[in-house]
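Q: The file below is work-v2.txt, compact mmCIF, C-alpha atoms:
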# COMPACT_ATOMS: atom_id res chain seq x y z
CA MET A 10 50.64 82.23 -17.39
CA LYS A 11 49.79 80.26 -14.23
CA LEU A 12 50.81 80.61 -10.56
CA ARG A 13 51.93 77.34 -9.00
CA LYS A 14 50.56 76.43 -5.60
CA SER A 15 53.94 76.98 -3.97
CA LEU A 16 53.76 80.61 -5.03
CA TYR A 17 50.05 81.04 -4.46
CA LEU A 18 50.19 81.21 -0.63
CA SER A 19 52.68 84.05 -0.64
CA VAL A 20 50.69 85.89 -3.31
CA LEU A 21 47.45 85.40 -1.40
CA PHE A 22 49.03 86.76 1.79
CA GLY A 23 49.82 89.96 -0.04
CA LEU A 24 46.35 90.15 -1.54
CA ILE A 25 44.71 89.87 1.86
CA LEU A 26 46.26 93.21 2.73
CA THR A 27 44.66 94.83 -0.30
CA ALA A 28 40.99 95.84 -0.07
CA GLY A 29 38.76 94.54 -2.82
CA PHE A 30 40.70 91.37 -3.56
CA SER A 31 39.05 87.98 -3.22
CA SER A 32 39.80 84.35 -3.96
CA CYS A 33 38.40 80.83 -3.69
CA SER A 34 40.15 77.62 -2.75
CA SER A 35 40.83 74.75 -5.16
CA ASP A 36 42.17 71.22 -5.19
CA ASP A 37 43.65 72.08 -8.59
CA SER A 38 47.22 73.31 -8.31
CA ASP A 39 46.82 75.87 -11.10
CA TYR A 40 45.50 79.41 -10.80
CA VAL A 41 45.06 81.89 -13.61
CA ASP A 42 47.08 85.08 -13.54
CA TYR A 43 45.95 88.21 -15.40
CA SER A 44 47.84 91.46 -15.07
CA GLY A 45 45.81 93.92 -13.04
CA SER A 46 43.25 91.37 -11.85
CA LYS A 47 41.71 92.10 -8.45
CA VAL A 48 40.37 88.57 -8.06
CA VAL A 49 42.35 85.33 -7.76
CA LEU A 50 40.60 82.63 -9.77
CA PRO A 51 41.32 78.91 -10.14
CA LYS A 52 41.93 77.40 -13.53
CA THR A 53 38.77 75.30 -13.12
CA ARG A 54 36.35 78.22 -13.09
CA GLY A 55 32.77 78.81 -14.06
CA PHE A 56 30.73 81.98 -14.51
CA ILE A 57 27.05 82.52 -13.73
CA LEU A 58 25.16 85.41 -15.31
CA ASN A 59 22.33 86.53 -13.04
CA GLU A 60 19.72 88.57 -14.90
CA GLY A 61 18.56 90.37 -11.79
CA SER A 62 15.01 91.49 -11.06
CA TYR A 63 12.91 93.35 -13.63
CA ASN A 64 14.02 97.00 -13.82
CA GLY A 65 16.09 96.33 -10.71
CA ASN A 66 19.42 97.31 -12.28
CA ASN A 67 20.96 94.44 -10.32
CA SER A 68 22.41 92.00 -12.84
CA SER A 69 25.59 90.32 -11.63
CA LEU A 70 28.33 87.94 -12.71
CA THR A 71 29.35 85.23 -10.23
CA ALA A 72 32.62 83.31 -10.51
CA PHE A 73 32.89 79.87 -8.94
CA ASN A 74 35.26 76.92 -8.73
CA TYR A 75 33.55 73.95 -10.39
CA VAL A 76 35.89 71.40 -8.78
CA GLN A 77 34.81 72.35 -5.27
CA ASP A 78 31.56 74.20 -6.12
CA THR A 79 32.72 77.17 -4.09
CA ILE A 80 31.98 80.80 -4.90
CA CYS A 81 35.01 82.93 -5.75
CA ASN A 82 33.24 86.25 -6.22
CA LYS A 83 29.53 87.16 -6.40
CA SER A 84 30.10 90.47 -8.20
CA LEU A 85 32.99 89.70 -10.52
CA TYR A 86 32.23 92.36 -13.13
CA LEU A 87 31.98 95.06 -10.47
CA SER A 88 35.11 93.86 -8.68
CA GLN A 89 37.21 93.77 -11.84
CA ASN A 90 35.89 96.81 -13.69
CA GLY A 91 34.60 99.16 -10.99
CA GLU A 92 31.11 99.36 -12.46
CA ASN A 93 27.84 97.46 -12.23
CA ILE A 94 26.51 95.45 -15.15
CA GLY A 95 23.20 97.31 -15.25
CA ASP A 96 19.84 96.01 -16.50
CA THR A 97 19.39 93.21 -17.67
CA GLY A 98 22.11 90.57 -18.19
CA GLU A 99 20.74 88.81 -21.28
CA ASP A 100 23.40 86.45 -22.66
CA LEU A 101 26.84 85.08 -21.78
CA ILE A 102 28.99 83.02 -24.15
CA THR A 103 32.64 81.96 -24.30
CA ASP A 104 35.24 81.68 -27.04
CA GLY A 105 38.57 80.29 -25.94
CA ASP A 106 39.72 82.39 -23.00
CA ASN A 107 37.22 85.19 -23.59
CA LEU A 108 33.76 86.00 -22.24
CA TYR A 109 31.10 87.92 -24.16
CA MET A 110 28.10 89.41 -22.36
CA LEU A 111 24.96 91.11 -23.71
CA VAL A 112 22.99 93.48 -21.49
CA TYR A 113 19.45 94.10 -22.70
CA GLY A 114 18.07 97.06 -20.72
CA SER A 115 21.34 98.98 -20.65
CA SER A 116 21.78 98.05 -24.33
CA TYR A 117 25.45 97.13 -24.65
CA MET A 118 27.83 94.26 -25.33
CA VAL A 119 31.17 93.66 -23.65
CA LYS A 120 34.14 91.39 -24.26
CA MET A 121 36.04 90.24 -21.16
CA ASN A 122 39.14 88.16 -20.62
CA GLY A 123 39.05 84.92 -18.65
CA ALA A 124 39.06 86.81 -15.36
CA GLY A 125 36.08 89.04 -16.19
CA MET A 126 38.12 92.15 -17.02
CA LYS A 127 36.62 94.32 -19.77
CA GLU A 128 38.66 94.51 -22.97
CA ALA A 129 36.16 95.98 -25.45
CA SER A 130 32.54 97.12 -25.53
CA TYR A 131 29.83 98.28 -27.90
CA LYS A 132 26.79 100.44 -27.18
CA PHE A 133 23.74 99.64 -29.33
CA THR A 134 21.85 102.54 -30.89
CA SER A 135 18.09 103.05 -30.60
CA ASP A 136 17.73 102.20 -34.29
CA GLN A 137 19.57 98.92 -33.82
CA GLY A 138 17.48 97.99 -30.82
CA GLN A 139 18.32 96.20 -27.61
CA PRO A 140 20.46 93.03 -27.81
CA ARG A 141 19.07 89.55 -27.19
CA LYS A 142 21.39 86.63 -28.04
CA ALA A 143 24.77 86.06 -29.67
CA VAL A 144 26.74 83.36 -31.46
CA ILE A 145 30.38 83.24 -32.54
CA SER A 146 31.41 81.81 -35.90
CA GLY A 147 34.92 82.17 -37.23
CA ASP A 148 36.26 85.67 -36.63
CA TYR A 149 32.86 87.22 -35.99
CA ILE A 150 30.19 87.50 -33.35
CA TYR A 151 26.58 87.81 -34.50
CA VAL A 152 23.97 89.48 -32.28
CA THR A 153 20.18 89.58 -32.57
CA THR A 154 18.48 92.83 -31.59
CA TYR A 155 14.91 93.96 -31.10
CA GLY A 156 15.34 96.32 -34.02
CA GLY A 157 14.63 93.25 -36.16
CA LEU A 158 18.30 92.85 -37.01
CA VAL A 159 21.25 90.54 -36.83
CA LEU A 160 24.42 92.58 -36.34
CA LYS A 161 27.90 91.40 -37.29
CA PHE A 162 31.00 92.38 -35.26
CA THR A 163 34.67 91.39 -35.19
CA LYS A 164 35.00 89.17 -32.16
CA ASP A 165 38.45 90.46 -31.16
CA ASP A 166 37.55 94.13 -30.67
CA LEU A 167 33.75 94.30 -31.20
CA LYS A 168 33.98 96.54 -34.23
CA TYR A 169 30.68 96.85 -36.09
CA VAL A 170 30.80 95.30 -39.57
CA ALA A 171 27.28 95.09 -41.00
CA SER A 172 23.60 94.44 -40.29
CA CYS A 173 21.03 92.10 -41.79
CA LYS A 174 17.28 92.69 -41.52
CA VAL A 175 15.31 89.65 -40.41
CA ALA A 176 11.84 89.85 -38.78
CA ASN A 177 10.33 91.42 -35.68
CA ASN A 178 11.76 90.47 -32.31
CA PRO A 179 14.53 88.05 -33.20
CA GLU A 180 15.45 85.96 -30.17
CA ASN A 181 17.98 83.17 -30.36
CA ILE A 182 20.57 82.46 -33.04
CA VAL A 183 22.78 79.49 -33.91
CA SER A 184 25.42 78.87 -36.58
CA SER A 185 25.51 75.67 -38.63
CA ALA A 186 27.32 74.78 -41.86
CA GLY A 187 27.89 78.37 -42.96
CA LYS A 188 24.40 79.57 -42.15
CA LEU A 189 22.85 81.52 -39.29
CA TYR A 190 19.46 80.36 -38.05
CA VAL A 191 17.41 83.03 -36.28
CA ILE A 192 14.06 82.55 -34.53
CA CYS A 193 11.68 85.54 -34.41
CA ASN A 194 8.52 85.72 -32.31
CA GLY A 195 7.14 89.21 -32.90
CA TYR A 196 5.84 89.31 -29.32
CA GLY A 197 3.90 86.10 -29.97
CA LYS A 198 2.58 87.26 -33.37
CA LEU A 199 5.28 85.58 -35.47
CA ASN A 200 6.48 82.00 -35.54
CA LEU A 201 9.39 82.36 -37.92
CA MET A 202 12.90 81.16 -38.53
CA CYS A 203 15.08 83.29 -40.80
CA VAL A 204 18.21 81.87 -42.45
CA ILE A 205 21.26 84.01 -43.25
CA ASP A 206 24.18 82.99 -45.45
CA GLU A 207 27.31 83.84 -43.47
CA ALA A 208 29.54 84.35 -46.54
CA THR A 209 27.33 87.04 -48.08
CA PHE A 210 25.52 88.03 -44.86
CA THR A 211 22.19 88.07 -46.69
CA LYS A 212 18.87 86.55 -45.64
CA ALA A 213 17.15 83.85 -47.63
CA ALA A 214 14.01 85.12 -49.37
CA ASP A 215 11.68 82.62 -47.74
CA ASP A 216 11.21 82.49 -43.98
CA ILE A 217 10.27 79.24 -42.28
CA THR A 218 7.24 78.76 -40.07
CA VAL A 219 8.19 77.03 -36.82
CA CYS A 220 6.55 76.62 -33.40
CA ASN A 221 4.38 79.11 -31.55
CA ASN A 222 6.28 81.97 -29.88
CA PRO A 223 9.83 80.56 -30.33
CA GLN A 224 12.16 81.64 -27.55
CA LYS A 225 15.17 79.37 -27.13
CA MET A 226 17.32 77.39 -29.54
CA VAL A 227 20.29 75.02 -29.25
CA SER A 228 22.36 73.12 -31.81
CA ASP A 229 25.01 70.41 -31.72
CA ALA A 230 28.23 69.76 -33.62
CA ASN A 231 26.34 67.73 -36.22
CA GLY A 232 24.08 70.65 -37.11
CA ASN A 233 20.94 69.41 -35.37
CA ILE A 234 18.74 72.27 -34.20
CA PHE A 235 16.14 72.28 -31.43
CA ILE A 236 13.68 75.05 -30.57
CA GLU A 237 11.61 75.79 -27.49
CA GLY A 238 8.39 77.77 -27.73
CA TYR A 239 5.44 78.76 -25.55
CA ASP A 240 1.70 78.70 -26.04
CA ALA A 241 -0.76 81.36 -24.85
CA ASN A 242 -0.81 79.81 -21.36
CA TYR A 243 3.00 79.90 -21.08
CA ALA A 244 3.26 76.12 -21.45
CA GLY A 245 6.56 75.25 -23.10
CA ALA A 246 7.29 72.65 -25.75
CA ILE A 247 10.48 71.40 -27.45
CA TYR A 248 10.73 70.85 -31.22
CA SER A 249 13.32 69.37 -33.56
CA TYR A 250 13.99 71.22 -36.81
CA ASP A 251 14.32 69.29 -40.08
CA LYS A 252 16.65 71.26 -42.39
CA ALA A 253 15.84 69.20 -45.47
CA ASN A 254 12.08 69.66 -45.24
CA LYS A 255 12.14 72.98 -43.34
CA THR A 256 9.66 71.68 -40.78
CA VAL A 257 9.51 71.21 -37.01
CA THR A 258 8.34 68.18 -35.05
CA GLU A 259 7.30 68.36 -31.41
CA ILE A 260 9.37 66.23 -29.03
CA GLY A 261 7.45 66.99 -25.85
CA ALA A 262 6.78 69.54 -23.14
CA GLY A 263 9.78 71.52 -21.97
CA THR A 264 11.05 74.88 -20.77
CA SER A 265 14.85 74.36 -20.71
CA MET A 266 17.23 72.16 -22.69
CA ALA A 267 20.89 71.24 -23.11
CA ILE A 268 22.82 68.91 -25.45
CA LYS A 269 25.50 66.38 -24.56
CA ASP A 270 26.80 63.33 -26.46
CA ASN A 271 23.95 63.13 -29.01
CA VAL A 272 21.30 63.44 -26.32
CA LEU A 273 18.97 66.39 -25.74
CA TYR A 274 18.28 66.85 -22.03
CA ILE A 275 15.03 68.59 -21.17
CA ALA A 276 13.56 70.21 -18.05
CA ASN A 277 9.88 71.07 -17.86
CA SER A 278 8.69 73.51 -15.20
CA VAL A 279 4.93 73.97 -14.94
CA THR A 280 3.42 76.60 -12.63
CA ASN A 281 -0.19 76.73 -11.53
CA TRP A 282 -0.83 80.46 -11.71
CA THR A 283 -3.79 80.16 -9.35
CA THR A 284 -1.96 78.43 -6.52
CA TYR A 285 1.56 79.49 -7.63
CA VAL A 286 2.75 75.92 -7.12
CA THR A 287 5.48 74.74 -9.52
CA ALA A 288 6.34 71.18 -10.52
CA THR A 289 9.48 70.34 -12.50
CA SER A 290 10.31 67.10 -14.29
CA PHE A 291 13.28 65.93 -16.38
CA TYR A 292 13.58 63.63 -19.40
CA SER A 293 15.78 63.06 -22.45
CA TYR A 294 15.65 62.62 -26.21
CA ASN A 295 18.14 60.52 -28.18
CA ILE A 296 19.10 62.60 -31.23
CA LEU A 297 20.45 59.63 -33.20
CA THR A 298 17.45 57.34 -32.74
CA GLY A 299 14.71 59.94 -32.36
CA LYS A 300 13.47 58.17 -29.23
CA THR A 301 12.29 59.85 -26.03
CA ASP A 302 13.15 58.48 -22.59
CA THR A 303 10.54 59.75 -20.15
CA SER A 304 12.49 58.67 -17.07
CA SER A 305 14.48 61.38 -15.32
CA PHE A 306 18.12 61.64 -16.37
CA LEU A 307 18.83 63.18 -12.94
CA LYS A 308 18.98 60.97 -9.85
CA ASP A 309 17.90 61.85 -6.32
CA VAL A 310 16.44 65.18 -7.39
CA PRO A 311 16.14 67.33 -4.23
CA PRO A 312 12.49 68.08 -3.32
CA ALA A 313 13.21 71.81 -3.49
CA LEU A 314 14.31 71.50 -7.11
CA ALA A 315 11.24 69.45 -8.03
CA LYS A 316 9.12 72.34 -6.73
CA SER A 317 11.14 75.17 -8.29
CA SER A 318 11.16 76.86 -11.67
CA VAL A 319 14.22 75.94 -13.73
CA TYR A 320 15.70 79.08 -15.23
CA CYS A 321 18.80 77.57 -16.85
CA MET A 322 20.36 74.19 -17.46
CA ASP A 323 23.93 73.90 -18.70
CA VAL A 324 26.49 71.14 -19.18
CA ASN A 325 30.13 71.51 -18.16
CA PRO A 326 31.99 70.48 -21.36
CA TYR A 327 35.08 69.43 -19.37
CA ASP A 328 33.49 66.80 -17.15
CA GLY A 329 29.95 66.37 -18.56
CA SER A 330 28.22 67.35 -15.33
CA PHE A 331 24.86 69.13 -15.20
CA TYR A 332 24.18 72.50 -13.59
CA VAL A 333 20.53 73.43 -13.06
CA GLY A 334 19.68 76.99 -11.94
CA THR A 335 16.34 78.00 -10.41
CA SER A 336 14.65 81.34 -9.88
CA ASP A 337 11.79 82.85 -7.89
CA TYR A 338 12.51 86.22 -9.58
CA VAL A 339 13.02 87.94 -6.22
CA THR A 340 15.77 86.30 -4.15
CA ASN A 341 19.14 84.84 -5.12
CA GLY A 342 18.89 81.83 -7.39
CA VAL A 343 19.99 78.32 -6.49
CA ILE A 344 22.36 76.09 -8.48
CA TYR A 345 22.02 72.31 -8.33
CA HIS A 346 25.06 70.33 -9.47
CA PHE A 347 24.70 66.76 -10.79
CA THR A 348 27.54 64.53 -11.99
CA SER A 349 27.85 63.40 -15.62
CA ASP A 350 25.77 60.30 -14.88
CA GLY A 351 23.04 62.39 -13.23
CA ALA A 352 23.86 61.76 -9.57
CA TYR A 353 23.05 64.66 -7.27
CA LYS A 354 26.19 66.29 -5.89
CA VAL A 355 25.62 69.65 -4.19
CA THR A 356 23.57 72.86 -4.02
CA PHE A 357 24.94 76.40 -3.83
CA THR A 358 23.75 79.96 -4.37
CA SER A 359 24.01 81.64 -7.75
CA GLY A 360 24.98 84.89 -6.06
CA GLY A 361 22.18 86.90 -7.72
CA VAL A 362 18.58 86.91 -8.90
CA SER A 363 17.53 84.68 -11.82
CA PRO A 364 20.63 82.79 -13.03
CA SER A 365 20.19 82.53 -16.80
CA HIS A 366 23.53 81.27 -18.18
CA ILE A 367 26.44 79.22 -16.81
CA VAL A 368 29.70 78.87 -18.76
CA PHE A 369 32.98 77.14 -18.00
CA MET A 370 36.74 77.56 -18.52
CA ARG A 371 39.93 75.76 -17.62
For this file, produce the structure as structure tokens.
A:
Amino acid sequence: MKLRKSLYLSVLFGLILTAGFSSCSSDDSDYVDYSGSKVVLPKTRGFILNEGSYNGNNSSLTAFNYVQDTICNKSLYLSQNGENIGDTGEDLITDGDNLYMLVYGSSYMVKMNGAGMKEASYKFTSDQGQPRKAVISGDYIYVTTYGGLVLKFTKDDLKYVASCKVANNPENIVSSAGKLYVICNGYGKLNLMCVIDEATFTKAADDITVCNNPQKMVSDANGNIFIEGYDANYAGAIYSYDKANKTVTEIGAGTSMAIKDNVLYIANSVTNWTTYVTATSFYSYNILTGKTDTSSFLKDVPPALAKSSVYCMDVNPYDGSFYVGTSDYVTNGVIYHFTSDGAYKVTFTSGGVSPSHIVFMR
């Protein structure tokens, strides 16, 4: 149900009188309306998961209007549910009008509605291990944990279904053509990809050797998979995975990546750990042709961004624009918004330390 703009002003007047309510303006005439919500949100809304500082117990969820790039609420989870997220916000994904969040240090998973209100949660046991990443396929959500497992839950109410043993320290997970692909790094001692059949929820007997210390993974609608790994000096590289030959091929240096319209967009942040000076560059890889374009896909990159460490890079699926988040691991992160053709648009705060994921709804 939506509130029309003619009704919104009268509603907002009443909300102003109520402590704890907040809102953000919008050029869009539609606003979402959830029973019991303490925050007025526009239909065109995005959510930023801020990891927080290490052991700082200060993870946060920021809501913003992606039409105007204005912050609606810097502590949405606290405002809506009366409790802090905890330590550390690890993953945030969407499915329709629902949000799913994994919290590593506090070791739980939560399902929220499109206004950030908690609807279901699950607390991971010590045997299962702390959660890392999640993917939704069909009626289920699959979660990797540092117990060396992939756990299967019903996505509607987060009921535990089953577990599948993989390898030590599974990180990211993607779903493609009825299979789950899981990268495991074993704290830098493993370089494996495990494959699980979704129908039987069993792991293939043979694991696949991939890149050194695999950390991140993305896939597209055509089933193409890309992996990012680090070497011993924390230099990142991006690899394409060949399903037929079960091999990886290096594309180039990179620390963050995102896919849009058959193109892999890559950011590479390199820090000199003696001088603590960071340099960031951007380039792209055409998935269909296998060709790399070394020129920056972003235009008029602000000097501050070129000297910052990119912590996340996400594409708004509704307008194709790019959002690049940076972190110094201490102060609030910064979000840089570029249009779909790469033109610089605006900069705004992430509302918390180390923005790691940005998702979108409308």
Q: What is the distance, in Å and to one decimal place, between CA of Asp240 in chain A and CA of Ser278 in chain A?
A: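 Pair CA of Asp240 in chain A / CA of Ser278 in chain A returns 13.9 Å.
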Q: As JSON, numbers by chain, please: the residues near Gly91 in chain A (cut-off 12 Å, only C-alpha atoms, same-chain neighbours under 6 positions excluded).
A: {"A": [29, 46, 47, 84, 85, 125, 126, 127]}
Q: Can you write out the residues you just picked, keeping C-alpha atoms, as a compact mmCIF listing (two decimals), keeping the file's coordinate frame?
A:
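Result file part_30.txt:
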# COMPACT_ATOMS: atom_id res chain seq x y z
CA GLY A 29 38.76 94.54 -2.82
CA SER A 46 43.25 91.37 -11.85
CA LYS A 47 41.71 92.10 -8.45
CA SER A 84 30.10 90.47 -8.20
CA LEU A 85 32.99 89.70 -10.52
CA GLY A 125 36.08 89.04 -16.19
CA MET A 126 38.12 92.15 -17.02
CA LYS A 127 36.62 94.32 -19.77
Q: Ranking A:Leu158, A:Ala262, A:Ala313, A:Ala176 by minimum distance to Ala246 in chain A and counting all atoms listed in the file, which one comes first?
A: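 With all atoms listed in the file as the atom set, the closest residue is A:Ala262.
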Q: May I have the residues within 12 Å of range 144-150 of chain A as a PyMOL selection string, using all atoms listed in the file and disregarding those fewer than 3 positions away in the same chain?
A: chain A and resi 100-105+107-111+118-120+141+153+159-172+180-191+207-208+210+226-228
Q: Which of these, A:Pro51, A:Gly197, A:Pro364, A:Gly232, has the shortest distance to Tyr338 in chain A once you count only C-alpha atoms?
A: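 Going through A:Pro51, A:Gly197, A:Pro364, A:Gly232 one by one, the smallest distance to Tyr338 in chain A is for A:Pro364.
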Q: How far is it from CA of Tyr117 in chain A to CA of Asn194 in chain A, in Å with one decimal?
A: 21.8 Å
Q: Show which residues sit within 8 Å of Asp229 in chain A, as a ChimeraX atom specification. Count all atoms listed in the file, and ignore same-chain residues fewer than 4 positions away.
A: /A:233-234,268,271
Q: Write out as a PyMOL selection string which residues come within 6 Å of Ser293 in chain A when counting only C-alpha atoms, dropping same-chain ones fewer than 3 positions away.
A: chain A and resi 273-275+301-302
Q: Just to confirm, what's the straight-line distance from CA of Phe331 in chain A to CA of Asn122 in chain A in Å (one decimal)?
A: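 We find that CA of Phe331 in chain A and CA of Asn122 in chain A lie 24.4 Å from each other.
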Q: Can you tell me which residues surround Leu201 in chain A at a distance of at most 6 Å, considering all atoms listed in the file, apart from same-chain residues fewer than 4 positions away, and format the answer as a PyMOL selection string?
A: chain A and resi 192-193+217-219
Q: Could you tell me which of A:Ala72, A:Val286, A:Ala253, A:Ala230 comes closest to Val272 in chain A if we count all atoms listed in the file?
A: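 Nearest candidate to Val272 in chain A out of A:Ala72, A:Val286, A:Ala253, A:Ala230: A:Ala230.
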Q: Which one of A:Leu87, A:Leu58, A:Val257, A:Ala143 sits closest to Val368 in chain A if you count only C-alpha atoms?
A: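 Going through A:Leu87, A:Leu58, A:Val257, A:Ala143 one by one, the smallest distance to Val368 in chain A is for A:Leu58.
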